[in-house]
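Okay, work.txt now, which holds compact mmCIF, C-alpha atoms:
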```
# COMPACT_ATOMS: atom_id res chain seq x y z
CA MET P 1 -4.97 -9.45 -21.30
CA LEU P 2 -3.30 -8.52 -18.06
CA SER P 3 0.10 -9.94 -17.34
CA ILE P 4 -0.12 -10.62 -13.61
CA LYS P 5 2.69 -11.38 -11.22
CA LYS P 6 3.07 -11.29 -7.45
CA PHE P 7 3.19 -7.71 -6.24
CA SER P 8 6.52 -6.56 -4.78
CA TYR P 9 6.77 -4.90 -1.36
CA SER P 10 9.24 -2.41 -2.82
CA LEU P 11 6.59 -0.80 -5.01
CA LEU P 12 3.65 0.00 -2.73
CA GLY P 13 4.20 -1.96 0.43
CA GLY P 14 7.04 -1.33 2.82
CA VAL P 15 9.59 -2.77 5.18
CA CYS P 16 11.48 -0.74 7.78
CA LEU P 17 14.06 -1.61 10.40
CA SER P 18 14.13 -0.15 13.88
CA SER P 19 16.84 -0.74 16.42
CA LEU P 20 15.87 -1.71 19.93
CA SER P 21 19.32 -1.00 21.38
CA LEU P 22 21.95 1.67 20.77
CA PHE P 23 25.20 -0.14 21.46
CA SER P 24 26.19 -3.65 20.42
CA ALA P 25 28.92 -5.91 19.13
CA GLY P 26 26.57 -7.78 16.79
CA VAL P 27 23.26 -7.45 14.96
CA SER P 28 20.46 -9.95 14.32
CA ALA P 29 17.13 -9.48 12.55
CA SER P 30 13.70 -10.84 13.34
CA GLY P 31 10.35 -10.28 11.77
CA MET P 32 6.70 -10.97 11.18
CA VAL P 33 5.79 -11.99 7.62
CA PRO P 34 2.22 -11.44 6.35
CA GLU P 35 0.71 -13.98 3.95
CA THR P 36 -0.18 -11.35 1.31
CA SER P 37 0.93 -7.83 0.40
CA VAL P 38 -2.46 -6.15 0.89
CA VAL P 39 -5.46 -6.46 3.21
CA ILE P 40 -8.90 -6.33 1.58
CA VAL P 41 -11.91 -5.68 3.81
CA GLU P 42 -15.30 -6.25 2.15
CA ALA P 43 -17.98 -4.15 3.84
CA SER P 44 -20.55 -6.79 2.91
CA GLU P 45 -18.69 -9.26 5.14
CA GLY P 46 -17.87 -6.77 7.88
CA GLU P 47 -14.34 -8.02 8.48
CA ALA P 48 -11.22 -9.65 7.06
CA SER P 49 -8.25 -11.54 8.46
CA MET P 50 -4.53 -11.91 7.77
CA ASN P 51 -2.14 -14.66 8.89
CA ILE P 52 1.21 -13.40 10.19
CA THR P 53 4.15 -15.78 10.66
CA ASN P 54 7.00 -15.25 13.10
CA THR P 55 10.07 -16.25 11.07
CA ASP P 56 12.39 -15.81 14.05
CA PRO P 57 13.23 -18.86 16.21
CA GLN P 58 12.52 -16.79 19.32
CA PRO P 59 9.12 -15.56 20.53
CA LEU P 60 8.16 -12.03 19.42
CA LEU P 61 5.50 -9.59 20.46
CA LEU P 62 3.34 -8.94 17.39
CA VAL P 63 2.06 -5.36 17.56
CA THR P 64 -0.52 -4.42 14.90
CA SER P 65 -1.75 -0.89 14.31
CA ILE P 66 -3.89 0.91 11.75
CA LYS P 67 -2.58 4.17 10.28
CA ASP P 68 -4.91 6.87 8.94
CA LEU P 69 -4.23 8.91 5.83
CA PRO P 70 -3.56 12.65 5.92
CA GLY P 71 -6.95 14.37 5.84
CA ASP P 72 -8.90 11.16 6.46
CA THR P 73 -8.92 10.22 10.13
CA GLU P 74 -12.35 8.57 10.38
CA LYS P 75 -12.19 5.44 12.52
CA LEU P 76 -13.03 2.76 9.99
CA LEU P 77 -11.36 -0.35 11.40
CA LEU P 78 -10.68 -2.17 14.63
CA VAL P 79 -7.83 -4.67 14.81
CA THR P 80 -7.69 -7.68 17.11
CA PRO P 81 -5.50 -8.66 18.78
CA PRO P 82 -3.57 -5.37 18.78
CA ALA P 83 -0.66 -7.06 20.60
CA ILE P 84 0.10 -10.74 21.21
CA ARG P 85 3.08 -13.03 21.80
CA VAL P 86 3.86 -15.32 18.87
CA ASP P 87 6.30 -18.19 19.37
CA GLY P 88 9.11 -18.80 16.90
CA GLY P 89 7.91 -20.32 13.63
CA LYS P 90 4.25 -19.99 14.61
CA THR P 91 1.44 -18.15 12.80
CA GLN P 92 -1.07 -15.71 14.29
CA LYS P 93 -4.36 -14.63 12.69
CA VAL P 94 -5.14 -10.90 12.93
CA ARG P 95 -8.70 -9.72 12.33
CA PHE P 96 -9.78 -6.39 10.82
CA ILE P 97 -13.32 -5.44 11.84
CA LEU P 98 -15.27 -2.72 10.06
CA ALA P 99 -16.20 0.01 12.54
CA SER P 100 -17.86 2.56 10.25
CA LYS P 101 -21.50 3.31 11.15
CA THR P 102 -22.25 4.83 7.73
CA PRO P 103 -22.40 2.74 4.54
CA LEU P 104 -19.36 3.41 2.38
CA LYS P 105 -19.86 4.93 -1.07
CA THR P 106 -16.28 4.55 -2.33
CA GLU P 107 -13.27 2.43 -1.54
CA ARG P 108 -11.21 3.72 1.39
CA LEU P 109 -7.51 3.30 2.06
CA ARG P 110 -5.62 2.78 5.29
CA ARG P 111 -2.17 1.38 6.22
CA VAL P 112 -1.42 -1.39 8.68
CA THR P 113 1.89 -2.07 10.38
CA PHE P 114 2.90 -5.47 11.74
CA ASN P 115 5.82 -5.03 14.10
CA GLY P 116 7.67 -7.97 15.67
CA VAL P 117 9.25 -6.78 18.92
CA PRO P 118 11.97 -9.14 20.21
CA PRO P 119 12.62 -9.64 23.91
CA GLN P 120 15.56 -7.87 25.46
CA ASN P 121 18.60 -10.03 26.00
CA LYS P 122 20.55 -8.55 28.90
CA ASP P 123 23.17 -11.31 28.90
CA LYS P 124 24.49 -10.71 25.38
CA ASN P 125 26.06 -7.63 23.82
CA GLN P 126 23.85 -7.80 20.75
CA VAL P 127 21.38 -5.59 18.89
CA ARG P 128 18.02 -7.22 18.15
CA MET P 129 16.28 -5.60 15.17
CA SER P 130 12.54 -5.54 14.62
CA ILE P 131 11.33 -5.67 11.01
CA SER P 132 8.10 -3.74 10.53
CA GLN P 133 5.81 -4.59 7.61
CA ASN P 134 3.73 -1.68 6.37
CA LEU P 135 0.89 -2.73 4.05
CA PRO P 136 -2.12 -1.07 2.41
CA VAL P 137 -5.64 -1.86 3.64
CA ILE P 138 -8.45 -1.32 1.15
CA ILE P 139 -12.02 -1.21 2.44
CA ARG P 140 -14.57 -1.96 -0.28
CA PRO P 141 -18.22 -0.80 -0.16
CA ALA P 142 -20.98 -3.39 -0.27
CA GLY P 143 -22.27 -3.89 -3.81
CA LEU P 144 -19.30 -2.27 -5.57
CA ALA P 145 -18.35 -4.34 -8.63
CA ARG P 146 -14.84 -5.72 -8.76
CA ASP P 147 -12.60 -3.87 -11.21
CA GLU P 148 -9.39 -5.62 -12.26
CA ALA P 149 -7.95 -2.48 -13.88
CA PRO P 150 -9.15 0.66 -12.05
CA TRP P 151 -6.13 2.65 -13.30
CA LYS P 152 -7.82 2.83 -16.71
CA ARG P 153 -10.36 5.19 -15.11
CA LEU P 154 -7.74 7.84 -14.29
CA LYS P 155 -7.76 11.05 -16.36
CA TRP P 156 -4.37 12.57 -17.16
CA GLU P 157 -4.04 16.17 -18.36
CA LEU P 158 -1.08 18.27 -19.49
CA LYS P 159 -1.20 22.05 -19.65
CA GLY P 160 2.15 23.61 -20.45
CA ASP P 161 4.59 22.06 -17.99
CA THR P 162 1.90 21.06 -15.49
CA MET P 163 0.52 17.54 -15.46
CA THR P 164 -2.41 16.45 -13.30
CA VAL P 165 -4.27 13.21 -12.66
CA THR P 166 -7.91 12.91 -11.59
CA ASN P 167 -9.73 9.90 -10.18
CA SER P 168 -13.49 10.32 -10.66
CA SER P 169 -14.16 6.64 -9.94
CA PRO P 170 -15.13 4.98 -6.62
CA TYR P 171 -11.93 2.91 -6.69
CA VAL P 172 -8.57 3.41 -4.98
CA VAL P 173 -5.87 3.27 -7.66
CA ARG P 174 -2.39 2.18 -6.59
CA LEU P 175 0.65 2.79 -8.77
CA ALA P 176 4.36 3.55 -8.67
CA GLN P 177 5.13 7.20 -7.96
CA SER P 178 7.37 7.55 -11.03
CA VAL P 179 5.51 8.00 -14.33
CA GLN P 180 6.71 8.91 -17.80
CA THR P 181 5.23 10.94 -20.64
CA LEU P 182 5.66 9.69 -24.21
CA PRO P 183 7.18 10.04 -26.72
CA ASP P 184 9.32 12.73 -25.04
CA ASN P 185 10.40 10.32 -22.22
CA THR P 186 10.04 12.97 -19.51
CA HIS P 187 9.83 11.60 -15.96
CA TRP P 188 7.32 12.84 -13.40
CA ILE P 189 6.79 12.10 -9.70
CA LEU P 190 3.53 11.60 -7.82
CA ALA P 191 3.60 12.72 -4.20
CA GLN P 192 2.05 9.38 -3.13
CA SER P 193 1.66 5.81 -4.41
CA TYR P 194 -2.13 5.97 -4.75
CA VAL P 195 -4.93 8.14 -6.13
CA LEU P 196 -8.04 8.15 -3.96
CA PRO P 197 -11.62 8.42 -5.25
CA GLY P 198 -12.37 12.05 -6.09
CA GLU P 199 -8.72 13.07 -5.77
CA HIS P 200 -6.98 15.53 -8.13
CA LEU P 201 -3.17 15.52 -7.94
CA THR P 202 -0.42 17.58 -9.58
CA LEU P 203 2.81 15.81 -10.52
CA THR P 204 6.35 17.15 -10.28
CA LYS P 205 8.38 17.22 -13.51
CA GLN P 206 11.97 15.95 -13.40
CA GLY P 207 14.47 18.02 -15.39
CA ASN P 208 13.96 20.95 -17.78
CA LYS P 209 12.98 19.05 -20.91
CA SER P 210 10.06 20.42 -22.96
CA VAL P 211 6.96 18.21 -22.96
CA SER P 212 5.02 19.96 -25.72
CA GLY P 213 4.97 16.81 -27.85
CA ALA P 214 3.74 14.40 -25.17
CA THR P 215 0.60 12.43 -26.09
CA GLN P 216 0.62 9.56 -23.55
CA VAL P 217 1.61 8.80 -19.98
CA ARG P 218 3.14 5.45 -18.96
CA ILE P 219 2.36 4.21 -15.46
CA SER P 220 3.19 1.08 -13.42
CA PRO P 221 -0.05 0.14 -11.65
CA ALA P 222 -1.05 -2.59 -9.21
CA THR P 223 -4.41 -4.28 -8.82
CA THR P 224 -6.53 -3.88 -5.73
CA TRP P 225 -5.75 -7.47 -4.78
CA GLY P 226 -2.00 -7.00 -4.58
CA PHE P 227 -0.66 -7.95 -7.99
CA SER P 228 1.48 -5.79 -10.25
CA VAL P 229 0.82 -5.73 -13.98
CA ASP P 230 2.59 -4.61 -17.11
CA THR P 231 3.00 -0.86 -17.62
CA TRP P 232 -0.03 0.94 -18.97
CA ASP P 233 0.02 3.79 -21.52
CA ALA P 234 -2.89 6.17 -20.94
CA PRO P 235 -3.99 9.00 -23.25
CA LEU P 236 -2.87 12.45 -22.21
CA ASN P 237 -5.45 15.21 -22.55
CA LYS P 238 -4.38 18.77 -23.35
```

Would you encode the structure as structure tokens?
Amino acid sequence: MLSIKKFSYSLLGGVCLSSLSLFSAGVSASGMVPETSVVIVEASEGEASMNITNTDPQPLLLVTSIKDLPGDTEKLLLVTPPAIRVDGGKTQKVRFILASKTPLKTERLRRVTFNGVPPQNKDKNQVRMSISQNLPVIIRPAGLARDEAPWKRLKWELKGDTMTVTNSSPYVVRLAQSVQTLPDNTHWILAQSYVLPGEHLTLTKQGNKSVSGATQVRISPATTWGFSVDTWDAPLNK
């Protein structure tokens, strides 16, 4: 049975701060807070929506943008509204509309940023900070069955001091970039926090320890729907 708990932004989501002024005697923060840590777009429905709350007492300009992945720049989504004023304490619904003309065969991954831009205050010597939320967007093909544990489909292989992971499934698998082989307790790093359908990745070994006795790999995955689970020990092929 899966042990499910709310997924943390620190694992696969993201928060970044950007200064809107260079010189100041004080600093204050403002931000837009999404209702969940992932956006799921079902192709069968053609769109999805996300509620974003302005936690600042002042009005902010909510700027929403979709980010492509390296090597995958197909225009899959439209976002509306791309920019809108949101009063302090109020919530704005943002829609994600599927723009692909070709039926999807596998899940696809994008990123979305929600940036709350504060107004300039020329009367006060103060820095206003914008807090940008950076979340994954998963687009699911029509008819694709829901899989609560797609990470079990990954194939891990160790040859000498080289470890690879292959995703032959139609699912996007999200996981922490740090993994560990057992029982040697060697740590490895993935170059990204996801493995796309059809992707074959090579990990980077940390340290000079021999891994000849490794038989398993321990990962920290997250479900498609934005929940983290207990670590998972997968068999390691040689």

What are the closest atom pairs, with distances in Å to one decimal, for each residue of segment 114-211 of chain P lying within 9 Å of segment 64-72 of chain P, using all atoms listed in the file, rows by chain and rising residue number, as a tab-separated table?
```
residue	atom	partner	partner_atom	distance
P:Phe114	CA	P:Thr64	CA	4.8
P:Asn115	CA	P:Thr64	CA	6.4
P:Gly116	CA	P:Thr64	CA	9.0
P:Val137	CA	P:Ile66	CA	8.7
```

Quiz item: What's the 12 Å shell around Arg140 of chain P, counting all atoms listed in the file, without same-chain residues fewer than 4 positions away, as a PyMOL selection string?
Solution: chain P and resi 39-48+76+98+100+103-110+144-147+170-172+197+224-225

Quiz item: Which is closer to Ile138 of chain P than all the others in P:Val86, P:Ala214, P:Val112, P:Leu154, using all atoms listed in the file?
Solution: P:Val112

Self-check item: Shell around Leu201 of chain P at 8 Å using only C-alpha atoms, local window under 2 positions removed, as number ranges by chain
Solution: P: 164-166, 190, 195, 199, 203

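Take atom CA of Pro34 of chain P and atom CA of Asp87 of chain P: the distance between them is 15.2 Å.
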
Can you patch up segment 34-45 of chain P, filling it in to all heavy atoms, and show the result as a short mmCIF file (atom, residue, chain, number, x, y, z; two decimals), in the coordinates of the input?
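Produced file rebuild_8.cif, reproduced below:
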```
data_model
loop_
_atom_site.label_atom_id
_atom_site.label_comp_id
_atom_site.auth_asym_id
_atom_site.auth_seq_id
_atom_site.Cartn_x
_atom_site.Cartn_y
_atom_site.Cartn_z
N PRO P 34 3.63 -11.25 6.71
CA PRO P 34 2.22 -11.44 6.35
C PRO P 34 2.07 -12.36 5.14
O PRO P 34 2.98 -12.47 4.32
CB PRO P 34 1.76 -10.02 6.02
CG PRO P 34 2.99 -9.31 5.62
CD PRO P 34 4.13 -9.92 6.38
N GLU P 35 0.91 -13.01 5.02
CA GLU P 35 0.71 -13.98 3.95
C GLU P 35 0.48 -13.32 2.59
O GLU P 35 0.69 -13.95 1.55
CB GLU P 35 -0.47 -14.89 4.28
CG GLU P 35 -1.81 -14.18 4.45
CD GLU P 35 -2.92 -15.15 4.80
OE1 GLU P 35 -2.80 -16.35 4.49
OE2 GLU P 35 -3.92 -14.70 5.41
N THR P 36 0.01 -12.07 2.56
CA THR P 36 -0.18 -11.35 1.31
C THR P 36 0.32 -9.92 1.47
O THR P 36 0.63 -9.48 2.58
CB THR P 36 -1.67 -11.32 0.88
OG1 THR P 36 -2.42 -10.60 1.87
CG2 THR P 36 -2.24 -12.72 0.74
N SER P 37 0.38 -9.18 0.37
CA SER P 37 0.93 -7.83 0.40
C SER P 37 -0.13 -6.75 0.53
O SER P 37 0.19 -5.55 0.47
CB SER P 37 1.75 -7.58 -0.87
OG SER P 37 0.92 -7.68 -2.02
N VAL P 38 -1.39 -7.12 0.72
CA VAL P 38 -2.46 -6.15 0.89
C VAL P 38 -3.58 -6.80 1.69
O VAL P 38 -3.78 -8.01 1.62
CB VAL P 38 -2.98 -5.64 -0.49
CG1 VAL P 38 -3.55 -6.79 -1.30
CG2 VAL P 38 -4.01 -4.54 -0.31
N VAL P 39 -4.28 -5.99 2.48
CA VAL P 39 -5.46 -6.46 3.21
C VAL P 39 -6.70 -5.89 2.54
O VAL P 39 -6.79 -4.68 2.33
CB VAL P 39 -5.42 -6.02 4.69
CG1 VAL P 39 -6.67 -6.52 5.42
CG2 VAL P 39 -4.16 -6.52 5.37
N ILE P 40 -7.66 -6.75 2.19
CA ILE P 40 -8.90 -6.33 1.58
C ILE P 40 -10.04 -6.59 2.57
O ILE P 40 -10.23 -7.73 3.00
CB ILE P 40 -9.19 -7.06 0.26
CG1 ILE P 40 -8.03 -6.91 -0.71
CG2 ILE P 40 -10.50 -6.55 -0.36
CD1 ILE P 40 -7.78 -5.50 -1.18
N VAL P 41 -10.77 -5.54 2.92
CA VAL P 41 -11.91 -5.68 3.81
C VAL P 41 -13.18 -5.40 3.00
O VAL P 41 -13.38 -4.28 2.51
CB VAL P 41 -11.82 -4.72 5.01
CG1 VAL P 41 -13.04 -4.90 5.93
CG2 VAL P 41 -10.53 -4.94 5.78
N GLU P 42 -14.02 -6.41 2.84
CA GLU P 42 -15.30 -6.25 2.15
C GLU P 42 -16.36 -5.82 3.17
O GLU P 42 -16.62 -6.51 4.14
CB GLU P 42 -15.70 -7.57 1.49
CG GLU P 42 -14.76 -8.07 0.41
CD GLU P 42 -14.89 -7.31 -0.90
OE1 GLU P 42 -15.78 -6.44 -1.01
OE2 GLU P 42 -14.11 -7.58 -1.83
N ALA P 43 -16.96 -4.65 2.92
CA ALA P 43 -17.98 -4.15 3.84
C ALA P 43 -19.16 -5.10 3.94
O ALA P 43 -19.82 -5.18 4.99
CB ALA P 43 -18.45 -2.77 3.39
N SER P 44 -19.44 -5.84 2.89
CA SER P 44 -20.55 -6.79 2.91
C SER P 44 -20.30 -7.92 3.90
O SER P 44 -21.26 -8.53 4.39
CB SER P 44 -20.77 -7.37 1.50
OG SER P 44 -19.59 -8.01 1.03
N GLU P 45 -19.04 -8.21 4.19
CA GLU P 45 -18.69 -9.26 5.14
C GLU P 45 -18.40 -8.70 6.53
O GLU P 45 -18.42 -9.43 7.52
CB GLU P 45 -17.49 -10.05 4.63
CG GLU P 45 -17.77 -10.75 3.29
CD GLU P 45 -16.55 -11.46 2.75
OE1 GLU P 45 -15.51 -11.47 3.44
OE2 GLU P 45 -16.63 -11.98 1.61
#
```
